[in-house]
Amino acid sequence: MNIIIKRFDKYKEPNSIDMSYPVFEGLTLLENFLKIKTTIDPTLVFSGVCRSGVCGSCSVMVNGKAKLACSYKPKNGDYIEPLGYHEVQRDLIVDKNKAHYTLKTSHSWLNGEAKVENSPKVTVQSDCILCDSCYSACPVLVVNGDFLGPFALTKVYRYTLQSNDNKTSIDAIQKNGIWDCTLCGECTIACPQGIDPKMDIMNLRSKSVQSGYNDPNFTNMDFGFGGFGFD
Ligand code: SF4
Ligand code: SF4
């Protein structure tokens with residue numbers, strides 16, 4: 001069994017190359033990376049801190065889908081590459097700063113983190129480990145690099161559950177936010193923590209309408225009447 005890892009080094013030409021490595025059966029993908037590094041190729045660069053699905057640092061793309069390397073068992077022919085929509089630093093290491101900056105943009109931290117009390121949900125947004133799997137799965141980032149993205153919007157929704165004054169947060173997610181989401185659900189499928197960003201975004205849309213906002217996609221439609229939209 002073999003896996004193929006997309007290697008990247010901006011100082012080499014070509015800077016990207018696919019390399020095949022044997023699979024150490026029974027081990028997770030992260031353990032395979034470690035084995036490869038210690039026994040075959042010490043130049044392989046990857047990240048993985050806690051090795052138990054808590055830190056979120058080892059997420060990579062496997063055959064085009066985001067996976068936590070510490071919990072995924074590789075299969076023959078798997079194609080491993082870094083997360084999408086992130087600047088690649090070296091091999092499987094990406095710069096998460098831009099994606100995580102969306103948390104500030106969305107103002108979800110402005111008033112601090114409040115505890116989720118009496119929440120009916122089994123999985124709450126506070127379980128997010130910032131692995132960026134949802135961000136990497138989101139097709140909107142292909143066409144809009146400024147889209148806030150699923151985990152930032154999930155954080156906003158979490159915040160709105162606690163606060164009586166959501167105006168700042170709701171205002172912050174109108175542009176490049178909830179209305180840009182296509183509700184495809186890829187983020188929900190990708191999340192290793194069972195968080196449902198799509199549902200959170202739908203709930204934020206509902207809260208936005210209650211706050212007086214309209215769906216701009218809806219208001220811009222002309223319904224075949226030659227461009228008469230709603231104001
Ligand atoms: S549901 Fe929305 S946020 Fe989630 S992946 Fe699809 S477009 Fe992105
Ligand atoms: S919502 Fe889920 S997939 Fe997205 S960053 Fe958080 S833990 Fe990862």
# chains A, B, ... in the order shown; residues from 1 in each chain; ligands from 1
call {"tool": "residues_near_ligand", "arguments": {"ligand": "ligand 1", "cutoff": "6 Å", "atoms": "only C-alpha atoms and all ligand atoms", "output": "mmCIF file with C-alpha atoms, in the first residue's frame"}}
result
data_model
loop_
_atom_site.group_PDB
_atom_site.id
_atom_site.type_symbol
_atom_site.label_atom_id
_atom_site.label_comp_id
_atom_site.auth_asym_id
_atom_site.auth_seq_id
_atom_site.Cartn_x
_atom_site.Cartn_y
_atom_site.Cartn_z
ATOM 1 C CA ALA A 137 -14.362 22.439 2.204
ATOM 2 C CA CYS A 138 -16.361 25.577 1.456
ATOM 3 C CA PRO A 139 -16.858 26.245 -2.282
ATOM 4 C CA VAL A 140 -17.632 29.931 -1.741
ATOM 5 C CA GLY A 149 -16.433 31.169 6.195
ATOM 6 C CA PRO A 150 -18.246 28.549 8.256
ATOM 7 C CA CYS A 181 -23.279 30.918 1.785
ATOM 8 C CA THR A 182 -24.867 28.519 -0.727
ATOM 9 C CA LEU A 183 -26.120 26.218 2.061
ATOM 10 C CA CYS A 184 -24.373 23.301 0.371
ATOM 11 C CA GLY A 185 -23.601 21.643 3.714
ATOM 12 C CA GLU A 186 -20.023 20.669 2.837
ATOM 13 C CA CYS A 187 -18.808 22.344 6.040
ATOM 14 C CA LYS A 198 -24.836 25.220 7.758
#
call {"tool": "closest_atom_pairs", "arguments": {"of": "chain A", "to": "ligand 2", "cutoff": "8 Å", "atoms": "only C-alpha atoms and all ligand atoms", "output": "tab-separated table"}}
result
residue	atom	partner	partner_atom_place_in_ligand_line	distance
A:Gly56	CA	ligand 2	8 (Fe)	6.8
A:Gln125	CA	ligand 2	1 (S)	7.1
A:Asp127	CA	ligand 2	7 (S)	6.6
A:Cys128	CA	ligand 2	6 (Fe)	3.7
A:Ile129	CA	ligand 2	7 (S)	4.5
A:Leu130	CA	ligand 2	5 (S)	3.7
A:Cys131	CA	ligand 2	8 (Fe)	4.0
A:Asp132	CA	ligand 2	5 (S)	4.0
A:Ser133	CA	ligand 2	3 (S)	4.3
A:Cys134	CA	ligand 2	3 (S)	4.1
A:Tyr135	CA	ligand 2	4 (Fe)	6.3
A:Pro150	CA	ligand 2	4 (Fe)	6.5
A:Phe151	CA	ligand 2	1 (S)	4.6
A:Thr154	CA	ligand 2	1 (S)	6.8
A:Cys187	CA	ligand 2	3 (S)	6.5
A:Thr188	CA	ligand 2	3 (S)	7.3
A:Ala190	CA	ligand 2	3 (S)	5.7
A:Cys191	CA	ligand 2	3 (S)	3.5
A:Pro192	CA	ligand 2	2 (Fe)	5.8
A:Gln193	CA	ligand 2	7 (S)	5.2
A:Gly194	CA	ligand 2	2 (Fe)	6.8
A:Ile195	CA	ligand 2	2 (Fe)	5.4
A:Asp196	CA	ligand 2	1 (S)	7.2
A:Pro197	CA	ligand 2	1 (S)	6.4
call {"tool": "atom_distance", "arguments": {"atom1": "CA of Ile4 in chain A", "atom2": "CA of Leu27 in chain A"}}
result
16.0 Å
call {"tool": "select_by_dssp", "arguments": {"residues": "range 56-194 of chain A", "states": "strand (DSSP E)", "output": "list in words"}}
result
Ser59, Val60, Met61, Val62, Lys65, Ala66, Lys67, Leu68, Tyr79, Ile80, Glu81, Glu87, Val88, Gln89, Arg90, Ile93, Val94 and Asp95 of chain A
call {"tool": "residues_around", "arguments": {"residues": "Ser136 in chain A", "least_positions_apart": "6", "cutoff": "12 Å", "atoms": "only C-alpha atoms", "output": "PyMOL selection string"}}
result
chain A and resi 59-62+64-67+81-87+94+96+99+130+142+145+149-151+186-191
call {"tool": "residues_around", "arguments": {"residues": "Ser106 in chain A", "least_positions_apart": "6", "cutoff": "7 Å", "atoms": "only C-alpha atoms", "output": "list in words"}}
result
Ala152, Val156, Ser169, Ala172 and Ile173 of chain A
call {"tool": "write_last_selection", "arguments": {"atoms": "N, CA and C atoms", "output": "PDB file, in the first residue's frame"}}
result
ATOM      1  N   ALA A 152     -16.189  30.837  11.447  1.00  0.00           N
ATOM      2  CA  ALA A 152     -16.393  32.175  12.015  1.00  0.00           C
ATOM      3  C   ALA A 152     -17.883  32.446  12.211  1.00  0.00           C
ATOM      4  N   VAL A 156     -20.119  33.187  15.602  1.00  0.00           N
ATOM      5  CA  VAL A 156     -21.060  34.293  15.768  1.00  0.00           C
ATOM      6  C   VAL A 156     -22.390  33.765  16.295  1.00  0.00           C
ATOM      7  N   SER A 169     -22.781  41.959  16.137  1.00  0.00           N
ATOM      8  CA  SER A 169     -22.445  40.700  15.468  1.00  0.00           C
ATOM      9  C   SER A 169     -23.295  40.486  14.220  1.00  0.00           C
ATOM     10  N   ALA A 172     -22.146  42.626  11.439  1.00  0.00           N
ATOM     11  CA  ALA A 172     -20.825  42.258  10.908  1.00  0.00           C
ATOM     12  C   ALA A 172     -20.870  41.094   9.931  1.00  0.00           C
ATOM     13  N   ILE A 173     -21.958  40.345   9.928  1.00  0.00           N
ATOM     14  CA  ILE A 173     -21.993  39.143   9.083  1.00  0.00           C
ATOM     15  C   ILE A 173     -22.857  39.310   7.842  1.00  0.00           C
TER      16      ILE A 173
END
